[in-house]
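work.cif follows; it contains mmCIF, C-alpha atoms and all ligand atoms.
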```cif
data_final
loop_
_atom_site.label_atom_id
_atom_site.label_comp_id
_atom_site.auth_asym_id
_atom_site.auth_seq_id
_atom_site.Cartn_x
_atom_site.Cartn_y
_atom_site.Cartn_z
CA MET A 1 -89.88 228.79 46.13
CA ARG A 2 -88.06 226.00 44.29
CA THR A 3 -87.63 225.38 40.57
CA MET A 4 -86.11 222.23 39.10
CA VAL A 5 -84.75 222.33 35.56
CA LEU A 6 -84.18 219.02 33.73
CA ASN A 7 -82.29 218.75 30.46
CA ALA A 8 -83.49 215.74 28.43
CA SER A 9 -81.09 216.56 25.58
CA PRO A 10 -77.82 214.62 25.35
CA ARG A 11 -76.06 217.86 24.43
CA LYS A 12 -75.16 220.00 27.42
CA ASN A 13 -74.64 223.39 25.78
CA TRP A 14 -76.77 223.42 22.66
CA ASN A 15 -80.28 224.65 21.89
CA THR A 16 -82.28 222.85 24.57
CA ALA A 17 -79.70 223.46 27.29
CA GLN A 18 -79.42 227.16 26.40
CA MET A 19 -83.20 227.54 26.55
CA LEU A 20 -83.28 225.75 29.90
CA LYS A 21 -80.46 227.85 31.34
CA SER A 22 -82.35 230.96 30.29
CA ALA A 23 -85.51 229.61 31.99
CA GLN A 24 -83.41 228.91 35.08
CA LYS A 25 -82.18 232.53 35.09
CA GLY A 26 -85.80 233.66 34.75
CA ALA A 27 -86.73 231.57 37.79
CA GLU A 28 -83.81 233.01 39.75
CA SER A 29 -84.80 236.56 38.73
CA VAL A 30 -87.98 236.17 40.79
CA GLY A 31 -86.15 234.66 43.74
CA ALA A 32 -86.52 230.92 43.12
CA GLU A 33 -83.96 228.50 44.44
CA THR A 34 -83.01 226.42 41.40
CA GLU A 35 -81.50 223.05 40.59
CA TYR A 36 -80.33 222.08 37.07
CA ILE A 37 -79.82 218.45 36.05
CA ASP A 38 -78.54 216.94 32.81
CA LEU A 39 -80.64 213.77 32.65
CA TYR A 40 -78.14 212.07 30.32
CA ASP A 41 -75.59 212.16 33.18
CA LEU A 42 -77.89 210.02 35.32
CA ASN A 43 -78.01 206.26 35.26
CA TYR A 44 -81.67 205.24 34.94
CA THR A 45 -84.20 203.45 32.81
CA GLY A 46 -87.96 203.52 32.50
CA CYS A 47 -90.16 201.71 35.02
CA ARG A 48 -88.84 198.23 36.01
CA SER A 49 -92.33 197.05 36.98
CA CYS A 50 -91.21 196.00 40.48
CA LEU A 51 -94.62 197.29 41.69
CA ALA A 52 -93.17 198.25 45.09
CA CYS A 53 -95.01 201.60 44.69
CA LYS A 54 -98.31 199.68 44.58
CA ARG A 55 -97.73 197.60 47.75
CA LYS A 56 -100.36 198.09 50.49
CA ASP A 57 -97.63 198.70 53.05
CA GLY A 58 -95.66 200.96 50.68
CA GLN A 59 -95.25 204.70 50.39
CA ARG A 60 -97.17 206.63 47.71
CA CYS A 61 -95.48 208.87 45.12
CA HIS A 62 -92.11 207.26 45.75
CA CYS A 63 -90.06 205.06 43.44
CA PHE A 64 -88.28 202.28 45.31
CA TRP A 65 -85.91 201.33 42.48
CA LYS A 66 -82.37 202.17 43.51
CA ASP A 67 -80.88 204.27 40.74
CA ASP A 68 -80.03 207.91 40.02
CA LEU A 69 -83.59 208.93 39.11
CA SER A 70 -85.49 207.91 42.26
CA PRO A 71 -84.08 210.75 44.44
CA VAL A 72 -84.79 213.19 41.59
CA LEU A 73 -88.42 212.01 41.51
CA ASP A 74 -88.69 212.64 45.27
CA ARG A 75 -87.41 216.18 44.72
CA ILE A 76 -89.84 216.77 41.83
CA PHE A 77 -92.76 216.04 44.16
CA ALA A 78 -91.37 218.59 46.62
CA THR A 79 -90.64 221.37 44.12
CA ASP A 80 -92.91 224.27 43.17
CA THR A 81 -91.96 224.41 39.49
CA LEU A 82 -90.54 221.84 37.12
CA ILE A 83 -89.09 222.81 33.74
CA ILE A 84 -88.12 220.03 31.35
CA GLY A 85 -86.52 220.51 27.96
CA SER A 86 -86.27 217.98 25.18
CA PRO A 87 -85.21 218.04 21.56
CA ILE A 88 -87.49 216.25 19.12
CA PHE A 89 -85.95 212.94 18.10
CA LEU A 90 -87.76 211.06 15.34
CA GLY A 91 -90.95 213.02 15.86
CA ASP A 92 -91.01 212.55 19.62
CA THR A 93 -89.38 213.62 22.87
CA THR A 94 -86.13 211.82 23.75
CA SER A 95 -85.86 208.40 25.37
CA GLN A 96 -84.59 209.98 28.62
CA PHE A 97 -87.69 212.18 28.67
CA HIS A 98 -89.91 209.14 28.10
CA ALA A 99 -88.24 207.11 30.84
CA LEU A 100 -88.64 210.02 33.26
CA LEU A 101 -92.31 210.40 32.33
CA GLU A 102 -92.96 206.68 32.79
CA ARG A 103 -91.47 206.68 36.28
CA LEU A 104 -93.03 209.98 37.39
CA ASP A 105 -96.50 209.04 36.19
CA PHE A 106 -96.52 205.45 37.41
CA VAL A 107 -95.50 206.11 41.02
CA THR A 108 -98.43 208.51 41.41
CA LEU A 109 -100.97 206.27 39.68
CA SER A 110 -103.53 204.37 41.74
CA TYR A 111 -104.20 200.85 40.52
CA ASP A 112 -107.38 200.89 42.62
CA ASP A 113 -109.23 203.43 40.49
CA TYR A 114 -106.66 204.97 38.09
CA SER A 115 -106.72 208.29 39.90
CA HIS A 116 -103.46 209.94 40.93
CA TYR A 117 -102.17 210.01 44.51
CA PHE A 118 -100.25 213.27 44.18
CA GLU A 119 -102.04 216.04 46.07
CA GLY A 120 -99.46 218.80 45.80
CA LYS A 121 -99.04 221.36 43.01
CA VAL A 122 -96.08 221.63 40.68
CA ASN A 123 -96.14 224.13 37.81
CA LEU A 124 -94.79 222.62 34.64
CA GLY A 125 -92.82 224.21 31.80
CA ILE A 126 -91.91 222.20 28.73
CA ILE A 127 -89.29 223.44 26.28
CA LEU A 128 -88.96 221.69 22.93
CA THR A 129 -86.35 222.29 20.26
CA MET A 130 -86.40 220.86 16.75
CA ASN A 131 -85.17 221.11 13.20
CA ALA A 132 -88.72 221.35 11.92
CA PRO A 133 -90.40 224.69 11.21
CA LEU A 134 -93.63 225.75 12.93
CA GLU A 135 -95.97 224.45 10.19
CA PHE A 136 -94.43 220.96 10.26
CA TYR A 137 -94.65 220.88 14.06
CA LYS A 138 -98.34 221.89 13.96
CA GLU A 139 -99.20 219.25 11.38
CA TYR A 140 -97.17 216.27 12.57
CA TYR A 141 -95.93 216.69 16.16
CA GLU A 142 -98.09 219.02 18.21
CA ALA A 143 -101.11 216.79 18.92
CA LYS A 144 -98.95 213.84 19.94
CA ILE A 145 -96.67 215.94 22.16
CA ASN A 146 -99.62 217.71 23.82
CA GLU A 147 -101.17 214.31 24.54
CA GLN A 148 -97.90 213.18 26.13
CA ILE A 149 -97.66 216.32 28.28
CA ARG A 150 -101.31 215.90 29.35
CA GLN A 151 -100.14 212.75 31.15
CA LEU A 152 -98.48 215.15 33.60
CA ASN A 153 -101.72 216.93 34.49
CA PHE A 154 -101.66 215.09 37.81
CA LEU A 155 -99.03 217.62 38.91
CA ASN A 156 -102.03 219.96 39.35
CA GLY A 157 -100.18 223.14 38.37
CA LYS A 158 -100.09 225.56 35.47
CA VAL A 159 -98.65 224.05 32.29
CA MET A 160 -96.74 226.00 29.64
CA ILE A 161 -95.16 224.55 26.50
CA TYR A 162 -92.63 226.53 24.44
CA PRO A 163 -91.34 225.04 21.16
CA SER A 164 -88.30 226.46 19.39
CA PHE A 165 -88.26 225.70 15.66
CA ASP A 166 -85.70 225.39 12.89
CA THR A 167 -82.78 225.19 15.30
CA LEU A 168 -79.13 225.25 14.33
CA GLN A 169 -77.94 221.65 14.62
CA VAL A 170 -74.21 222.05 13.92
CA LYS A 171 -71.86 225.01 13.62
CA ASP A 172 -70.51 224.11 10.18
CA TYR A 173 -72.93 222.23 7.91
CA SER A 174 -70.28 221.86 5.21
CA LYS A 175 -68.57 219.18 7.31
CA TYR A 176 -71.64 216.90 7.39
CA ASN A 177 -73.95 215.07 5.02
CA MET A 178 -76.86 217.37 5.85
CA ALA A 179 -77.93 218.65 2.46
CA ALA A 180 -81.58 218.77 3.58
CA SER A 181 -80.69 221.75 5.79
CA ASP A 182 -79.95 225.13 4.24
CA GLU A 183 -77.08 226.48 6.34
CA LYS A 184 -77.72 230.11 5.38
CA HIS A 185 -81.36 229.82 6.42
CA LYS A 186 -80.47 227.97 9.65
CA LYS A 187 -77.97 230.66 10.64
CA GLU A 188 -80.41 233.45 9.79
CA VAL A 189 -83.11 231.85 11.98
CA HIS A 190 -80.54 231.29 14.73
CA GLU A 191 -79.52 234.94 14.71
CA ARG A 192 -83.01 236.39 14.36
CA GLN A 193 -85.31 234.00 16.23
CA PHE A 194 -83.22 232.10 18.78
CA PRO A 195 -82.52 235.18 20.96
CA ILE A 196 -86.30 235.71 21.09
CA ASP A 197 -86.76 232.06 22.10
CA LEU A 198 -84.20 232.52 24.88
CA GLU A 199 -86.10 235.55 26.15
CA GLN A 200 -89.38 233.63 26.03
CA ALA A 201 -87.77 230.81 28.01
CA PHE A 202 -86.57 233.37 30.58
CA GLY A 203 -90.14 234.68 30.83
CA MET A 204 -91.54 231.19 31.23
CA GLY A 205 -89.11 230.41 34.05
CA ALA A 206 -89.99 233.67 35.80
CA MET A 207 -93.74 233.37 35.33
CA LEU A 208 -94.09 229.75 36.42
CA SER A 209 -91.80 230.28 39.42
CA LYS A 210 -93.78 233.15 40.85
CA LEU A 211 -97.24 231.55 40.52
C1 LIG B 301 -81.40 211.32 16.72
C2 LIG B 301 -81.99 212.62 16.25
C3 LIG B 301 -83.27 212.64 15.71
C4 LIG B 301 -83.86 213.84 15.34
N1 LIG B 301 -85.14 213.82 14.86
C5 LIG B 301 -85.76 215.00 14.58
C6 LIG B 301 -87.12 214.99 14.13
O1 LIG B 301 -87.75 213.97 13.98
N2 LIG B 301 -87.68 216.20 13.88
C7 LIG B 301 -87.02 217.38 14.04
O2 LIG B 301 -87.62 218.42 13.83
N3 LIG B 301 -85.73 217.41 14.46
C8 LIG B 301 -85.09 216.24 14.73
N4 LIG B 301 -83.79 216.25 15.18
C9 LIG B 301 -83.10 217.55 15.35
C10 LIG B 301 -83.13 218.04 16.80
O3 LIG B 301 -84.40 217.94 17.36
C11 LIG B 301 -82.70 219.50 16.87
O4 LIG B 301 -81.44 219.68 16.26
C12 LIG B 301 -82.66 219.96 18.32
O5 LIG B 301 -82.68 221.35 18.42
C13 LIG B 301 -81.43 219.42 19.03
O6 LIG B 301 -81.41 219.84 20.34
P1 LIG B 301 -80.02 220.19 21.06
O7 LIG B 301 -79.40 221.28 20.25
O8 LIG B 301 -80.38 220.60 22.43
O9 LIG B 301 -79.21 218.94 21.04
C14 LIG B 301 -83.15 215.06 15.50
C15 LIG B 301 -81.83 215.02 16.00
C16 LIG B 301 -81.25 213.83 16.35
C17 LIG B 301 -79.83 213.81 16.89
#
```

Spit out the file's structure as structure tokens when you get a sec.
Amino acid sequence: MRTMVLNASPRKNWNTAQMLKSAQKGAESVGAETEYIDLYDLNYTGCRSCLACKRKDGQRCHCFWKDDLSPVLDRIFATDTLIIGSPIFLGDTTSQFHALLERLDFVTLSYDDYSHYFEGKVNLGIILTMNAPLEFYKEYYEAKINEQIRQLNFLNGKVMIYPSFDTLQVKDYSKYNMAASDEKHKKEVHERQFPIDLEQAFGMGAMLSKL
């Protein structure tokens, strides 16, 4: 039983990373072998359109571009559970998340009939963290993000999405021009809600890994 955990946040120890590390512990609690990767440490871009994955003599579900992501993609297709975390940047997942999605989706896509070549099953957990509260997420982000995650349905597994709202963005708001955020409120949410979010992430890691 293998679980891969991918951090698509540039920050290695903040909200998204903490949620992911909790999900990783959840996976390990049910006996999964885990691997954790900070995507911002890898050197990669989105698809380069070399089309080697579409060649008649080529291999399916394999990216031929030689960079840090291609071996990770190979491991994703061989894992049982994949958990990806991303903060919301400008109403969307991060650019590293997008580039990963582009590569993962395209190498499995058939240009003969637009079906997907991947025949295995990978359970998918998505962790999102954001400044926005729940209501704002529901109104402006949720439909778009769900549509994006639906692109990964070809992984054929169970999909769970866990958003964490109103996150603490910096330790000391007084040092920044961030008057739109109420520090007292942010800290209250961080103390009351974030531990619950960490527990939920643990549960997600455990549940997806034992399916
Ligand atoms: C470049 C940038 C853009 C952001 N855009 C949004 C946004 O559109 N909506 C939102 O709710 N939060 C936004 N945020 C806040 C982050 O999503 C939030 O602080 C998140 O929890 C950060 O994750 P991290 O702690 O793992 O780095 C943005 C942060 C940055 C740095």

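One finds atom N2 of ligand LIG 301 (chain B) at 21.0 Å from CA of Ile83 (chain A).
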
Around ligand LIG 301 (chain B), which protein and nucleic acid residues have at least one atom no more than 9 Å from it, if we count all atoms listed in the file? List them as a ChimeraX atom specification.
/A:7-19,85-94,128-133,136-137,141,164-170

Protein and nucleic acid residues near (-78.5, 204.0, 41.2) (cut-off 9 Å, all atoms listed in the file) as a count of residues only:
9

Ranking A:Leu124, A:Met178, A:Ala27, A:Ala206 by minimum distance to Asn153 (chain A) and counting all atoms listed in the file, which one comes first?
A:Leu124

If we count only C-alpha atoms and set the cut-off at 12 Å, which residues sit around Glu33 (chain A), ignoring sequence neighbours fewer than 4 positions away in its own chain? Please answer as a count of residues only.
19

Between CA of Tyr173 (chain A) and CA of Gln193 (chain A), what is the spacing in Å?
19.0 Å

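The shortest atom-to-atom distance to Gly125 (chain A), with all atoms listed in the file taken into account, belongs to A:Leu208 out of A:Cys63, A:Thr34, A:Leu208, A:His190.
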
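Taking all atoms listed in the file into account, Leu198 (chain A) lies nearest to A:Ser22 out of the set A:Tyr40, A:Ser22, A:Lys186, A:Ala179.
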
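Across the structure, CA of Arg55 (chain A) and CA of Phe97 (chain A) are spaced 26.0 Å apart.
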
Is there a way to complete region 83-94 of chain A with all heavy atoms and then write that out as a PDB file, keeping the file's coordinate frame?
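Printed below is out.pdb as written:
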```
ATOM      1  N   ILE A  83     -89.256 222.447  35.157  1.00  0.00           N
ATOM      2  CA  ILE A  83     -89.090 222.810  33.740  1.00  0.00           C
ATOM      3  C   ILE A  83     -88.255 221.724  33.075  1.00  0.00           C
ATOM      4  O   ILE A  83     -87.144 221.421  33.537  1.00  0.00           O
ATOM      5  CB  ILE A  83     -88.430 224.204  33.594  1.00  0.00           C
ATOM      6  CG1 ILE A  83     -89.323 225.256  34.276  1.00  0.00           C
ATOM      7  CG2 ILE A  83     -88.232 224.553  32.115  1.00  0.00           C
ATOM      8  CD1 ILE A  83     -88.749 226.648  34.331  1.00  0.00           C
ATOM      9  N   ILE A  84     -88.834 221.108  32.046  1.00  0.00           N
ATOM     10  CA  ILE A  84     -88.120 220.030  31.350  1.00  0.00           C
ATOM     11  C   ILE A  84     -87.953 220.446  29.894  1.00  0.00           C
ATOM     12  O   ILE A  84     -88.887 220.942  29.269  1.00  0.00           O
ATOM     13  CB  ILE A  84     -88.903 218.689  31.378  1.00  0.00           C
ATOM     14  CG1 ILE A  84     -89.501 218.411  32.761  1.00  0.00           C
ATOM     15  CG2 ILE A  84     -87.988 217.533  30.982  1.00  0.00           C
ATOM     16  CD1 ILE A  84     -90.409 217.183  32.796  1.00  0.00           C
ATOM     17  N   GLY A  85     -86.761 220.213  29.373  1.00  0.00           N
ATOM     18  CA  GLY A  85     -86.520 220.510  27.960  1.00  0.00           C
ATOM     19  C   GLY A  85     -86.118 219.257  27.225  1.00  0.00           C
ATOM     20  O   GLY A  85     -85.372 218.425  27.738  1.00  0.00           O
ATOM     21  N   SER A  86     -86.644 219.134  26.002  1.00  0.00           N
ATOM     22  CA  SER A  86     -86.270 217.980  25.180  1.00  0.00           C
ATOM     23  C   SER A  86     -86.178 218.399  23.717  1.00  0.00           C
ATOM     24  O   SER A  86     -87.048 219.124  23.232  1.00  0.00           O
ATOM     25  CB  SER A  86     -87.310 216.864  25.320  1.00  0.00           C
ATOM     26  OG  SER A  86     -87.005 215.794  24.436  1.00  0.00           O
ATOM     27  N   PRO A  87     -85.169 217.910  23.016  1.00  0.00           N
ATOM     28  CA  PRO A  87     -85.210 218.040  21.560  1.00  0.00           C
ATOM     29  C   PRO A  87     -86.213 217.033  21.009  1.00  0.00           C
ATOM     30  O   PRO A  87     -86.575 216.081  21.720  1.00  0.00           O
ATOM     31  CB  PRO A  87     -83.795 217.677  21.115  1.00  0.00           C
ATOM     32  CG  PRO A  87     -83.126 217.014  22.262  1.00  0.00           C
ATOM     33  CD  PRO A  87     -83.964 217.204  23.483  1.00  0.00           C
ATOM     34  N   ILE A  88     -86.648 217.254  19.794  1.00  0.00           N
ATOM     35  CA  ILE A  88     -87.490 216.250  19.120  1.00  0.00           C
ATOM     36  C   ILE A  88     -86.560 215.272  18.416  1.00  0.00           C
ATOM     37  O   ILE A  88     -85.725 215.676  17.609  1.00  0.00           O
ATOM     38  CB  ILE A  88     -88.441 216.930  18.106  1.00  0.00           C
ATOM     39  CG1 ILE A  88     -89.416 217.869  18.814  1.00  0.00           C
ATOM     40  CG2 ILE A  88     -89.175 215.876  17.283  1.00  0.00           C
ATOM     41  CD1 ILE A  88     -90.430 217.218  19.716  1.00  0.00           C
ATOM     42  N   PHE A  89     -86.696 214.018  18.769  1.00  0.00           N
ATOM     43  CA  PHE A  89     -85.950 212.940  18.100  1.00  0.00           C
ATOM     44  C   PHE A  89     -86.968 212.031  17.419  1.00  0.00           C
ATOM     45  O   PHE A  89     -87.838 211.454  18.076  1.00  0.00           O
ATOM     46  CB  PHE A  89     -85.152 212.115  19.133  1.00  0.00           C
ATOM     47  CG  PHE A  89     -83.831 212.739  19.568  1.00  0.00           C
ATOM     48  CD1 PHE A  89     -83.438 214.015  19.176  1.00  0.00           C
ATOM     49  CD2 PHE A  89     -82.959 212.015  20.380  1.00  0.00           C
ATOM     50  CE1 PHE A  89     -82.220 214.564  19.581  1.00  0.00           C
ATOM     51  CE2 PHE A  89     -81.740 212.553  20.783  1.00  0.00           C
ATOM     52  CZ  PHE A  89     -81.370 213.824  20.389  1.00  0.00           C
ATOM     53  N   LEU A  90     -86.855 211.914  16.121  1.00  0.00           N
ATOM     54  CA  LEU A  90     -87.760 211.060  15.340  1.00  0.00           C
ATOM     55  C   LEU A  90     -89.224 211.323  15.685  1.00  0.00           C
ATOM     56  O   LEU A  90     -90.009 210.417  15.974  1.00  0.00           O
ATOM     57  CB  LEU A  90     -87.404 209.573  15.546  1.00  0.00           C
ATOM     58  CG  LEU A  90     -85.930 209.227  15.275  1.00  0.00           C
ATOM     59  CD1 LEU A  90     -85.665 207.749  15.463  1.00  0.00           C
ATOM     60  CD2 LEU A  90     -85.510 209.647  13.863  1.00  0.00           C
ATOM     61  N   GLY A  91     -89.559 212.596  15.669  1.00  0.00           N
ATOM     62  CA  GLY A  91     -90.950 213.020  15.860  1.00  0.00           C
ATOM     63  C   GLY A  91     -91.463 212.888  17.280  1.00  0.00           C
ATOM     64  O   GLY A  91     -92.682 212.935  17.510  1.00  0.00           O
ATOM     65  N   ASP A  92     -90.566 212.761  18.245  1.00  0.00           N
ATOM     66  CA  ASP A  92     -91.010 212.550  19.620  1.00  0.00           C
ATOM     67  C   ASP A  92     -90.008 213.188  20.581  1.00  0.00           C
ATOM     68  O   ASP A  92     -88.933 213.602  20.161  1.00  0.00           O
ATOM     69  CB  ASP A  92     -91.070 211.018  19.867  1.00  0.00           C
ATOM     70  CG  ASP A  92     -92.090 210.643  20.913  1.00  0.00           C
ATOM     71  OD1 ASP A  92     -92.455 211.504  21.737  1.00  0.00           O
ATOM     72  OD2 ASP A  92     -92.510 209.472  20.918  1.00  0.00           O
ATOM     73  N   THR A  93     -90.362 213.211  21.873  1.00  0.00           N
ATOM     74  CA  THR A  93     -89.380 213.620  22.870  1.00  0.00           C
ATOM     75  C   THR A  93     -88.340 212.500  23.022  1.00  0.00           C
ATOM     76  O   THR A  93     -88.549 211.385  22.541  1.00  0.00           O
ATOM     77  CB  THR A  93     -90.077 213.903  24.221  1.00  0.00           C
ATOM     78  OG1 THR A  93     -90.970 212.828  24.499  1.00  0.00           O
ATOM     79  CG2 THR A  93     -90.851 215.194  24.176  1.00  0.00           C
ATOM     80  N   THR A  94     -87.238 212.795  23.700  1.00  0.00           N
ATOM     81  CA  THR A  94     -86.130 211.820  23.750  1.00  0.00           C
ATOM     82  C   THR A  94     -86.450 210.622  24.671  1.00  0.00           C
ATOM     83  O   THR A  94     -87.372 210.667  25.487  1.00  0.00           O
ATOM     84  CB  THR A  94     -84.842 212.482  24.283  1.00  0.00           C
ATOM     85  OG1 THR A  94     -85.076 212.961  25.615  1.00  0.00           O
ATOM     86  CG2 THR A  94     -84.388 213.620  23.399  1.00  0.00           C
TER      87      THR A  94
END
```
